[in-house]
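Chemist: Coordinates in structure_28.cif, mmCIF, C-alpha atoms (C1' of nucleotides), are listed below.
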```cif
data_work
loop_
_atom_site.group_PDB
_atom_site.id
_atom_site.type_symbol
_atom_site.label_atom_id
_atom_site.label_comp_id
_atom_site.auth_asym_id
_atom_site.auth_seq_id
_atom_site.Cartn_x
_atom_site.Cartn_y
_atom_site.Cartn_z
ATOM 1 C CA MET A 1 21.969 5.000 -13.054
ATOM 2 C CA GLU A 2 22.614 4.777 -16.793
ATOM 3 C CA TRP A 3 19.880 2.192 -17.053
ATOM 4 C CA TYR A 4 17.555 4.457 -15.056
ATOM 5 C CA ALA A 5 18.307 7.454 -17.269
ATOM 6 C CA ARG A 6 17.275 5.438 -20.285
ATOM 7 C CA TYR A 7 14.430 3.262 -19.016
ATOM 8 C CA GLY A 8 13.261 4.807 -15.728
ATOM 9 C CA ARG A 9 9.684 5.974 -15.258
ATOM 10 C CA ALA A 10 10.626 9.641 -15.125
ATOM 11 C CA THR A 11 7.165 10.844 -16.057
ATOM 12 C CA LEU A 12 5.356 9.473 -13.006
ATOM 13 C CA PRO A 13 3.380 12.461 -11.711
ATOM 14 C CA TRP A 14 5.101 12.509 -8.314
ATOM 15 C CA ARG A 15 8.481 12.594 -10.065
ATOM 16 C CA ALA A 16 7.729 15.037 -12.876
ATOM 17 C CA ILE A 17 6.982 17.614 -10.170
ATOM 18 C CA ARG A 18 9.104 17.168 -7.051
ATOM 19 C CA ASP A 19 7.434 18.419 -3.927
ATOM 20 C CA PRO A 20 7.340 16.912 -0.411
ATOM 21 C CA TYR A 21 3.544 17.141 -0.289
ATOM 22 C CA ARG A 22 3.198 15.182 -3.514
ATOM 23 C CA THR A 23 5.676 12.671 -2.135
ATOM 24 C CA LEU A 24 3.608 12.338 1.032
ATOM 25 C CA VAL A 25 0.385 11.714 -0.873
ATOM 26 C CA SER A 26 1.952 9.308 -3.359
ATOM 27 C CA GLU A 27 3.660 7.253 -0.663
ATOM 28 C CA PHE A 28 0.408 6.746 1.230
ATOM 29 C CA MET A 29 -1.349 5.669 -1.950
ATOM 30 C CA LEU A 30 1.511 3.384 -2.949
ATOM 31 C CA GLN A 31 1.465 1.355 0.266
ATOM 32 C CA GLN A 32 0.668 -2.161 -0.954
ATOM 33 C CA THR A 33 -0.766 -0.739 -4.166
ATOM 34 C CA GLN A 34 0.636 -0.892 -7.704
ATOM 35 C CA VAL A 35 1.889 2.223 -9.441
ATOM 36 C CA ASP A 36 -0.477 1.928 -12.406
ATOM 37 C CA ARG A 37 -3.523 2.009 -10.207
ATOM 38 C CA VAL A 38 -2.271 4.933 -8.138
ATOM 39 C CA VAL A 39 -1.428 7.322 -10.990
ATOM 40 C CA PRO A 40 -4.970 8.475 -11.900
ATOM 41 C CA LYS A 41 -6.069 8.618 -8.265
ATOM 42 C CA PHE A 42 -3.019 10.654 -7.357
ATOM 43 C CA GLU A 43 -3.663 13.226 -10.061
ATOM 44 C CA ALA A 44 -7.271 13.720 -9.023
ATOM 45 C CA PHE A 45 -6.290 13.922 -5.359
ATOM 46 C CA VAL A 46 -3.585 16.586 -5.644
ATOM 47 C CA GLU A 47 -5.801 18.618 -7.935
ATOM 48 C CA ARG A 48 -8.549 18.622 -5.324
ATOM 49 C CA PHE A 49 -6.179 19.015 -2.358
ATOM 50 C CA PRO A 50 -3.104 20.821 -3.726
ATOM 51 C CA ASP A 51 -1.219 21.318 -0.465
ATOM 52 C CA VAL A 52 -0.994 20.357 3.202
ATOM 53 C CA GLU A 53 -3.329 23.115 4.311
ATOM 54 C CA ALA A 54 -6.035 22.130 1.841
ATOM 55 C CA LEU A 55 -5.837 18.533 2.999
ATOM 56 C CA ALA A 56 -5.795 19.526 6.663
ATOM 57 C CA ASN A 57 -9.080 21.354 6.099
ATOM 58 C CA ALA A 58 -10.659 18.574 4.038
ATOM 59 C CA ARG A 59 -13.642 16.549 5.112
ATOM 60 C CA ILE A 60 -12.729 12.897 5.628
ATOM 61 C CA ALA A 61 -15.763 11.995 3.519
ATOM 62 C CA ASP A 62 -14.316 13.820 0.512
ATOM 63 C CA VAL A 63 -10.928 12.187 0.993
ATOM 64 C CA LEU A 64 -12.579 8.764 1.108
ATOM 65 C CA ARG A 65 -14.541 9.461 -2.063
ATOM 66 C CA LEU A 66 -11.307 10.202 -3.913
ATOM 67 C CA TRP A 67 -9.847 7.080 -2.344
ATOM 68 C CA GLN A 68 -12.381 4.812 -4.053
ATOM 69 C CA GLY A 69 -10.720 1.891 -5.813
ATOM 70 C CA LEU A 70 -7.442 2.153 -3.924
ATOM 71 C CA GLY A 71 -8.394 -0.043 -0.976
ATOM 72 C CA TYR A 72 -7.084 0.108 2.588
ATOM 73 C CA ASN A 73 -9.327 3.100 3.243
ATOM 74 C CA THR A 74 -7.850 3.848 6.653
ATOM 75 C CA ARG A 75 -4.813 5.095 4.746
ATOM 76 C CA GLY A 76 -6.937 7.986 3.529
ATOM 77 C CA VAL A 77 -8.071 8.789 7.061
ATOM 78 C CA ARG A 78 -4.511 8.648 8.343
ATOM 79 C CA LEU A 79 -3.223 10.803 5.479
ATOM 80 C CA ALA A 80 -5.754 13.514 6.305
ATOM 81 C CA ASN A 81 -4.814 13.245 9.972
ATOM 82 C CA VAL A 82 -1.149 13.558 9.062
ATOM 83 C CA ALA A 83 -1.927 16.831 7.286
ATOM 84 C CA LYS A 84 -3.721 18.120 10.377
ATOM 85 C CA GLU A 85 -0.792 17.150 12.607
ATOM 86 C CA ILE A 86 1.697 18.770 10.260
ATOM 87 C CA VAL A 87 -0.249 21.986 10.608
ATOM 88 C CA SER A 88 -0.674 21.740 14.385
ATOM 89 C CA ARG A 89 2.733 20.341 15.327
ATOM 90 C CA PHE A 90 5.072 21.485 12.550
ATOM 91 C CA GLY A 91 3.610 24.798 11.450
ATOM 92 C CA GLY A 92 2.363 23.348 8.178
ATOM 93 C CA VAL A 93 5.860 22.293 7.066
ATOM 94 C CA ILE A 94 6.428 18.621 6.287
ATOM 95 C CA PRO A 95 9.380 17.424 8.374
ATOM 96 C CA ALA A 96 12.414 15.936 6.614
ATOM 97 C CA ASN A 97 13.457 14.063 9.731
ATOM 98 C CA VAL A 98 12.746 10.333 9.836
ATOM 99 C CA GLU A 99 11.900 10.193 13.539
ATOM 100 C CA ALA A 100 9.478 13.107 13.237
ATOM 101 C CA LEU A 101 7.888 11.552 10.168
ATOM 102 C CA GLN A 102 7.486 8.174 11.822
ATOM 103 C CA SER A 103 5.684 9.774 14.746
ATOM 104 C CA LEU A 104 2.810 10.567 12.363
ATOM 105 C CA PRO A 105 -0.118 8.149 11.896
ATOM 106 C CA GLY A 106 0.244 5.716 9.013
ATOM 107 C CA ILE A 107 3.941 6.502 8.524
ATOM 108 C CA GLY A 108 6.114 3.523 9.380
ATOM 109 C CA PRO A 109 9.797 2.781 8.721
ATOM 110 C CA TYR A 110 9.389 2.543 4.963
ATOM 111 C CA THR A 111 7.237 5.617 4.365
ATOM 112 C CA ALA A 112 9.342 7.806 6.680
ATOM 113 C CA ARG A 113 12.461 7.022 4.667
ATOM 114 C CA ALA A 114 10.609 7.328 1.385
ATOM 115 C CA ILE A 115 9.446 10.848 2.217
ATOM 116 C CA ALA A 116 12.935 11.829 3.350
ATOM 117 C CA ALA A 117 14.560 10.348 0.240
ATOM 118 C CA PHE A 118 12.022 11.294 -2.426
ATOM 119 C CA GLY A 119 10.761 14.495 -0.881
ATOM 120 C CA PHE A 120 14.041 15.908 0.431
ATOM 121 C CA ASP A 121 16.716 13.971 -1.474
ATOM 122 C CA GLU A 122 18.154 12.617 1.751
ATOM 123 C CA PRO A 123 20.642 9.720 1.382
ATOM 124 C CA LEU A 124 18.378 7.143 2.993
ATOM 125 C CA ALA A 125 17.193 3.762 1.761
ATOM 126 C CA PRO A 126 13.447 3.183 1.731
ATOM 127 C CA VAL A 127 13.354 -0.610 1.607
ATOM 128 C CA ASP A 128 10.176 -1.652 -0.114
ATOM 129 C CA THR A 129 9.324 -4.998 -1.649
ATOM 130 C CA ASN A 130 11.290 -4.131 -4.807
ATOM 131 C CA VAL A 131 14.478 -3.080 -3.048
ATOM 132 C CA ARG A 132 14.231 -6.032 -0.695
ATOM 133 C CA ARG A 133 13.935 -8.460 -3.597
ATOM 134 C CA ILE A 134 16.755 -6.899 -5.635
ATOM 135 C CA VAL A 135 19.194 -6.726 -2.739
ATOM 136 C CA HIS A 136 18.404 -10.281 -1.768
ATOM 137 C CA ARG A 137 18.892 -11.641 -5.272
ATOM 138 C CA VAL A 138 22.030 -9.638 -6.042
ATOM 139 C CA PHE A 139 23.884 -10.192 -2.763
ATOM 140 C CA PHE A 140 22.370 -13.270 -1.129
ATOM 141 C CA GLY A 141 20.929 -15.314 -3.995
ATOM 142 C CA ILE A 142 17.375 -16.277 -4.827
ATOM 143 C CA GLU A 143 14.934 -15.424 -2.053
ATOM 144 C CA HIS A 144 13.181 -18.810 -1.904
ATOM 145 C CA PRO A 145 14.068 -19.804 0.709
ATOM 146 C CA PRO A 146 15.217 -16.501 2.256
ATOM 147 C CA LYS A 147 18.906 -16.419 3.125
ATOM 148 C CA ALA A 148 19.004 -12.904 4.549
ATOM 149 C CA ALA A 149 17.193 -11.408 7.538
ATOM 150 C CA PRO A 150 15.251 -8.164 7.050
ATOM 151 C CA ALA A 151 17.839 -6.264 9.097
ATOM 152 C CA GLN A 152 20.629 -7.494 6.835
ATOM 153 C CA LEU A 153 18.720 -6.348 3.765
ATOM 154 C CA ASP A 154 18.082 -2.924 5.290
ATOM 155 C CA GLU A 155 21.734 -2.517 6.124
ATOM 156 C CA ARG A 156 22.942 -3.649 2.729
ATOM 157 C CA ALA A 157 20.442 -1.412 0.939
ATOM 158 C CA GLN A 158 21.501 1.592 3.012
ATOM 159 C CA GLU A 159 25.188 1.027 2.222
ATOM 160 C CA LEU A 160 24.429 1.393 -1.478
ATOM 161 C CA VAL A 161 22.811 4.832 -1.317
ATOM 162 C CA PRO A 162 24.908 7.643 -2.808
ATOM 163 C CA ALA A 163 24.936 11.214 -1.503
ATOM 164 C CA ARG A 164 21.586 12.072 -3.030
ATOM 165 C CA GLY A 165 18.810 9.625 -2.400
ATOM 166 C CA HIS A 166 16.007 10.407 -4.801
ATOM 167 C CA ASP A 167 17.233 9.036 -8.106
ATOM 168 C CA TRP A 168 18.985 6.042 -6.604
ATOM 169 C CA SER A 169 15.953 4.647 -4.853
ATOM 170 C CA SER A 170 13.745 5.553 -7.794
ATOM 171 C CA ALA A 171 16.059 3.558 -10.015
ATOM 172 C CA LEU A 172 15.991 0.501 -7.756
ATOM 173 C CA MET A 173 12.232 0.543 -7.574
ATOM 174 C CA ASP A 174 11.859 0.857 -11.334
ATOM 175 C CA LEU A 175 14.275 -1.995 -11.823
ATOM 176 C CA GLY A 176 12.293 -4.128 -9.379
ATOM 177 C CA ALA A 177 8.978 -3.241 -10.980
ATOM 178 C CA THR A 178 10.019 -3.831 -14.590
ATOM 179 C CA ILE A 179 13.043 -6.181 -14.708
ATOM 180 C CA CYS A 180 13.735 -7.839 -11.364
ATOM 181 C CA THR A 181 10.098 -8.815 -10.888
ATOM 182 C CA ALA A 182 8.828 -11.329 -8.362
ATOM 183 C CA ARG A 183 7.447 -13.960 -10.724
ATOM 184 C CA ALA A 184 9.155 -13.707 -14.108
ATOM 185 C CA PRO A 185 12.394 -11.699 -13.859
ATOM 186 C CA LYS A 186 13.934 -10.509 -17.142
ATOM 187 C CA CYS A 187 17.564 -11.129 -16.271
ATOM 188 C CA MET A 188 18.669 -10.887 -19.883
ATOM 189 C CA LEU A 189 17.701 -7.205 -19.831
ATOM 190 C CA CYS A 190 19.128 -6.431 -16.408
ATOM 191 C CA PRO A 191 22.003 -3.978 -15.946
ATOM 192 C CA LEU A 192 23.071 -5.898 -12.829
ATOM 193 C CA TYR A 193 23.361 -9.244 -14.593
ATOM 194 C CA ASP A 194 27.125 -9.493 -14.178
ATOM 195 C CA GLU A 195 27.117 -8.632 -10.455
ATOM 196 C CA CYS A 196 24.049 -10.623 -9.496
ATOM 197 C CA ALA A 197 24.315 -13.743 -7.366
ATOM 198 C CA SER A 198 21.088 -15.086 -8.864
ATOM 199 C CA ALA A 199 21.390 -14.368 -12.595
ATOM 200 C CA PRO A 200 20.318 -15.820 -14.845
ATOM 201 C CA LEU A 201 17.083 -16.626 -13.071
ATOM 202 C CA ASP A 202 14.639 -18.925 -14.834
ATOM 203 C CA ALA A 203 10.986 -18.083 -14.255
ATOM 204 C CA ALA A 204 10.138 -21.771 -13.961
ATOM 205 C CA VAL A 205 12.767 -22.212 -11.255
ATOM 206 C CA VAL A 206 11.492 -19.196 -9.352
ATOM 207 C CA GLU A 207 8.019 -20.642 -9.532
ATOM 208 C CA ARG A 208 9.103 -24.073 -8.339
ATOM 209 C CA LEU A 209 11.136 -22.764 -5.400
ATOM 210 C CA ARG A 210 8.339 -20.421 -4.406
ATOM 211 C CA ARG A 211 5.900 -23.304 -4.379
ATOM 212 C CA GLU A 212 8.210 -25.515 -2.352
ATOM 213 C CA HIS A 213 8.679 -22.913 0.337
ATOM 214 C CA ALA A 214 5.156 -21.560 0.314
ATOM 215 C CA LYS A 215 3.588 -21.190 3.725
ATOM 216 C CA ALA A 216 0.498 -23.189 4.487
ATOM 217 C CA PRO A 217 -2.467 -21.239 3.143
ATOM 218 C CA SER A 218 -4.273 -19.375 5.873
ATOM 219 C CA PRO A 219 -7.737 -20.803 6.515
ATOM 220 C CA GLN A 220 -9.498 -17.636 5.370
ATOM 221 C CA ASN A 221 -8.155 -18.127 1.864
ATOM 222 C CA ALA A 222 -10.350 -21.197 1.667
ATOM 223 C CA ILE A 223 -13.571 -19.258 2.084
ATOM 224 C CA PRO A 224 -15.163 -17.021 -0.571
ATOM 225 C CA PHE A 225 -14.086 -13.402 -0.332
ATOM 226 C CA GLU A 226 -17.736 -12.315 -0.406
ATOM 227 C CA THR A 227 -18.211 -13.887 3.019
ATOM 228 C CA THR A 228 -15.358 -12.035 4.714
ATOM 229 C CA VAL A 229 -15.550 -9.029 6.996
ATOM 230 C CA ARG A 230 -13.238 -7.180 4.622
ATOM 231 C CA TYR A 231 -15.755 -7.530 1.831
ATOM 232 C CA ALA A 232 -18.598 -6.343 4.058
ATOM 233 C CA ARG A 233 -16.569 -3.308 5.127
ATOM 234 C CA GLY A 234 -15.935 -2.458 1.500
ATOM 235 C CA ARG A 235 -19.632 -2.616 0.619
ATOM 236 C CA VAL A 236 -20.619 -0.451 3.585
ATOM 237 C CA VAL A 237 -18.037 2.189 2.727
ATOM 238 C CA ASP A 238 -19.098 2.042 -0.939
ATOM 239 C CA ARG A 239 -22.724 2.669 0.032
ATOM 240 C CA LEU A 240 -21.826 5.576 2.297
ATOM 241 C CA ARG A 241 -19.653 7.102 -0.423
ATOM 242 C CA GLU A 242 -22.755 7.350 -2.609
ATOM 243 C CA LEU A 243 -24.511 9.479 -0.007
ATOM 244 C CA PRO A 244 -24.805 13.147 -1.038
ATOM 245 C CA PRO A 245 -22.654 15.288 1.266
ATOM 246 C CA GLY A 246 -24.478 16.019 4.491
ATOM 247 C CA GLU A 247 -26.927 13.151 4.152
ATOM 248 C CA ALA A 248 -27.107 10.055 6.296
ATOM 249 C CA ILE A 249 -28.661 6.609 6.067
ATOM 250 C CA SER A 250 -30.318 4.761 8.905
ATOM 251 C CA PHE A 251 -28.745 1.553 10.086
ATOM 252 C CA LEU A 252 -31.881 -0.415 9.248
ATOM 253 C CA ASP A 253 -32.004 0.981 5.717
ATOM 254 C CA LEU A 254 -28.360 0.106 5.286
ATOM 255 C CA HIS A 255 -29.008 -3.412 6.551
ATOM 256 C CA ARG A 256 -31.910 -3.777 4.143
ATOM 257 C CA GLU A 257 -29.980 -2.471 1.135
ATOM 258 C CA LEU A 258 -27.021 -4.719 1.834
ATOM 259 C CA ALA A 259 -29.135 -7.846 2.212
ATOM 260 C CA THR A 260 -26.913 -9.677 -0.286
ATOM 261 C CA LEU A 261 -24.194 -9.670 2.368
ATOM 262 C CA GLU A 262 -26.374 -12.083 4.332
ATOM 263 C CA ARG A 263 -25.298 -10.518 7.596
ATOM 264 C CA SER A 264 -27.489 -10.357 10.678
ATOM 265 C CA ARG A 265 -28.176 -6.941 12.176
ATOM 266 C CA GLU A 266 -25.746 -7.815 14.945
ATOM 267 C CA GLU A 267 -23.016 -8.761 12.497
ATOM 268 C CA LEU A 268 -23.480 -5.661 10.360
ATOM 269 C CA SER A 269 -23.570 -3.551 13.510
ATOM 270 C CA GLU A 270 -20.164 -4.909 14.452
ATOM 271 C CA VAL A 271 -18.814 -4.041 10.997
ATOM 272 C CA VAL A 272 -20.107 -0.481 11.321
ATOM 273 C CA ALA A 273 -18.708 -0.158 14.835
ATOM 274 C CA ALA A 274 -15.270 -1.166 13.589
ATOM 275 C CA LEU A 275 -15.481 1.418 10.797
ATOM 276 C CA GLU A 276 -16.344 4.015 13.438
ATOM 277 C CA ARG A 277 -13.369 3.021 15.562
ATOM 278 C CA ASP A 278 -11.171 3.327 12.480
ATOM 279 C CA GLY A 279 -12.369 6.876 11.941
ATOM 280 C CA LEU A 280 -14.124 6.308 8.611
ATOM 281 C CA VAL A 281 -17.735 6.473 9.721
ATOM 282 C CA THR A 282 -19.857 8.652 11.980
ATOM 283 C CA SER A 283 -23.022 7.448 13.676
ATOM 284 C CA ARG A 284 -25.515 10.143 14.637
ATOM 285 C CA PRO A 285 -29.233 10.192 15.469
ATOM 286 C CA GLU A 286 -30.024 10.911 11.778
ATOM 287 C CA GLY A 287 -28.085 7.819 10.782
ATOM 288 C CA LEU A 288 -24.748 6.747 9.369
ATOM 289 C CA SER A 289 -22.401 8.694 7.113
ATOM 290 C CA LEU A 290 -18.751 8.969 6.251
ATOM 291 C CA ARG A 291 -16.954 11.069 8.837
ATOM 292 C CA GLU A 292 -16.861 14.784 8.237
ATOM 293 C "C1'" DA B 1 4.838 -13.402 15.659
ATOM 294 C "C1'" DA B 2 0.475 -13.255 13.446
ATOM 295 C "C1'" DA B 3 -3.702 -11.190 11.904
ATOM 296 C "C1'" DA B 4 -6.283 -7.354 9.996
ATOM 297 C "C1'" DC B 5 -6.786 -4.259 6.451
ATOM 298 C "C1'" DG B 6 -8.914 -3.811 -0.293
ATOM 299 C "C1'" DG B 7 -8.982 -4.385 -4.420
ATOM 300 C "C1'" DG B 8 -7.385 -5.298 -8.909
ATOM 301 C "C1'" DG B 9 -3.912 -7.237 -12.100
ATOM 302 C "C1'" DT B 10 -1.094 -11.414 -13.305
ATOM 303 C "C1'" DG B 11 1.205 -15.910 -14.653
ATOM 304 C "C1'" DC C 1 -6.915 -19.111 -8.554
ATOM 305 C "C1'" DA C 2 -3.044 -18.375 -5.683
ATOM 306 C "C1'" DC C 3 0.124 -14.794 -5.669
ATOM 307 C "C1'" DC C 4 1.608 -10.063 -5.761
ATOM 308 C "C1'" DC C 5 1.630 -5.115 -4.832
ATOM 309 C "C1'" DA C 6 6.494 1.983 -3.116
ATOM 310 C "C1'" DG C 7 3.292 -1.279 4.399
ATOM 311 C "C1'" DT C 8 1.242 -0.049 8.959
ATOM 312 C "C1'" DT C 9 -1.263 -0.993 12.984
ATOM 313 C "C1'" DT C 10 -3.394 -3.936 16.191
ATOM 314 C "C1'" DT C 11 -3.795 -8.206 18.554
#
```
Hey, can you dump this file as structure tokens for me?
Modeler:
Amino acid sequence: MEWYARYGRATLPWRAIRDPYRTLVSEFMLQQTQVDRVVPKFEAFVERFPDVEALANARIADVLRLWQGLGYNTRGVRLANVAKEIVSRFGGVIPANVEALQSLPGIGPYTARAIAAFGFDEPLAPVDTNVRRIVHRVFFGIEHPPKAAPAQLDERAQELVPARGHDWSSALMDLGATICTARAPKCMLCPLYDECASAPLDAAVVERLRREHAKAPSPQNAIPFETTVRYARGRVVDRLRELPPGEAISFLDLHRELATLERSREELSEVVAALERDGLVTSRPEGLSLRE
DNA sequence: AAAACGGGGTG
DNA sequence: CACCCAGTTTT
């Protein structure tokens, strides 16, 4: 905690102002997404949608426009749906209870605990990739190969949490993001050096062990990203984001404009259908648009 | 248990 | 250029 007081990222916008709604928004944006890329998006988002009610009344299309550049666009849809459910099921008040939180769309075990800990200062351990890595290195040794099961790491992380959860978990995550990093840990700067089962860790050794225990590359890593469905989805959503609010584009126009994708009408149709199922896109007689 | 889901920074 | 990132949902 002394290290955190001195070197922690206290000015992150969801820490400078503590508020469960800001915690909710930040945690959705931070799923699988680095802090540096979230900060500017977060600030624009909470300015446009300052509270649960504003977000509950938002058009999905506007949420998705603010989501540009973050990736995993269904997170934006789910976040807006969470706001609606909070209004309809919880009277507009974000629950502090983990089970209630996890019943909401897009909130899994990590995010439920993160909202409870960061939003309500509950003594719970949100175990993200940082906490997982730190706990593994400190108590079980270097994580390549893994010597601890996920359940063991959860349990060990939870045992560490003091009475108030916010600063403790913030500290662990900052340590993981800046010192106890995945590739090139800076053990010589680490406040846990003396208690750590892995210190001092040499970056070259980490790299070698990682390589030795690397899983066989999945076949889709061998093909160019531009040929993947994910890429096609991204280009479709990008095109629909450009549409002025209220306007639509016909499927055939979309297919023509996205000719560089080299997708047949049938293939592109399947991409659009999946986006519809995911709640991002609406198909009407006038054409396609982001969902209202 | 494995795959799908984005996109940008990094060593 | 493979890996990594405040994970969750679907298959």
Chemist: Could you list, as JSON, numbers by chain, every residue matched by the PyMOL selection byres ((chain B) within 6 of (chain A)) in this structure?
Modeler: {"B": [5, 6, 7]}
Chemist: Keeping only C-alpha atoms (C1' of nucleotides), write the selected residues to a file as a tab-separated table (two decimals), keeping the file's coordinate frame.
Modeler:
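Now in again-v9.tsv:
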```tsv
chain	number	residue	atom	x	y	z
B	5	DC	C1'	-6.79	-4.26	6.45
B	6	DG	C1'	-8.91	-3.81	-0.29
B	7	DG	C1'	-8.98	-4.38	-4.42
```
Chemist: Determine the residue set returned by the PyMOL selection byres ((chain C) within 8 of (chain A)) for the present structure, and present it as a list in words.
Modeler: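 Listing what the PyMOL selection byres ((chain C) within 8 of (chain A)) selects in the shown file: DC4, DC5, DA6, DG7, DT8 and DT9 of chain C.
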Chemist: Please indicate the distance in Å from CA of Ala117 in chain A to CA of Val135 in chain A, rounded to one decimal place.
Modeler: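 The value is 17.9 Å.
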Chemist: Could you expand the PyMOL selection byres ((chain C and resi 10) around 9) into the explicit residues it covers here, written as a VMD selection string?
Modeler: (chain B and resid 3 to 4) or (chain C and resid 9 11)
Chemist: Could you tell me how far CA of Ala112 in chain A lies from CA of Arg133 in chain A, in Å and to one decimal?
Modeler: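 CA of Arg133 in chain A lies 19.8 Å from CA of Ala112 in chain A.
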Chemist: Measure the distance from CA of Ile86 in chain A to CA of Gln102 in chain A in Å and round it to one decimal.
Modeler: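 Result for CA of Ile86 in chain A versus CA of Gln102 in chain A: 12.2 Å, one decimal.
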Chemist: Once N, CA and C atoms are restored for range 43-59 of chain A, what would the output be as a compact mmCIF listing (two decimals), keeping the file's coordinate frame?
Modeler:
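Here's the written file out-v3.txt:
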```
# COMPACT_ATOMS: atom_id res chain seq x y z
N GLU A 43 -3.46 11.97 -9.34
CA GLU A 43 -3.66 13.23 -10.06
C GLU A 43 -4.95 13.90 -9.64
N ALA A 44 -6.01 13.12 -9.47
CA ALA A 44 -7.27 13.72 -9.02
C ALA A 44 -7.14 14.27 -7.61
N PHE A 45 -6.41 13.54 -6.77
CA PHE A 45 -6.29 13.92 -5.36
C PHE A 45 -5.53 15.23 -5.19
N VAL A 46 -4.38 15.36 -5.84
CA VAL A 46 -3.58 16.59 -5.64
C VAL A 46 -4.22 17.78 -6.36
N GLU A 47 -5.08 17.50 -7.33
CA GLU A 47 -5.80 18.62 -7.94
C GLU A 47 -6.84 19.16 -6.96
N ARG A 48 -7.53 18.22 -6.29
CA ARG A 48 -8.55 18.62 -5.32
C ARG A 48 -7.95 19.19 -4.05
N PHE A 49 -6.87 18.56 -3.57
CA PHE A 49 -6.18 19.02 -2.36
C PHE A 49 -4.72 19.30 -2.71
N PRO A 50 -4.42 20.52 -3.16
CA PRO A 50 -3.10 20.82 -3.73
C PRO A 50 -1.98 20.97 -2.72
N ASP A 51 -2.30 21.16 -1.44
CA ASP A 51 -1.22 21.32 -0.46
C ASP A 51 -1.66 20.83 0.91
N VAL A 52 -0.73 20.87 1.86
CA VAL A 52 -0.99 20.36 3.20
C VAL A 52 -2.20 21.06 3.83
N GLU A 53 -2.24 22.37 3.67
CA GLU A 53 -3.33 23.12 4.31
C GLU A 53 -4.69 22.69 3.75
N ALA A 54 -4.77 22.55 2.45
CA ALA A 54 -6.04 22.13 1.84
C ALA A 54 -6.46 20.76 2.37
N LEU A 55 -5.51 19.87 2.51
CA LEU A 55 -5.84 18.53 3.00
C LEU A 55 -6.20 18.56 4.48
N ALA A 56 -5.50 19.41 5.22
CA ALA A 56 -5.80 19.53 6.66
C ALA A 56 -7.22 20.02 6.89
N ASN A 57 -7.73 20.81 5.96
CA ASN A 57 -9.08 21.35 6.10
C ASN A 57 -10.14 20.50 5.41
N ALA A 58 -9.73 19.40 4.81
CA ALA A 58 -10.66 18.57 4.04
C ALA A 58 -11.60 17.80 4.95
N ARG A 59 -12.77 17.50 4.42
CA ARG A 59 -13.64 16.55 5.11
C ARG A 59 -13.16 15.14 4.79
```
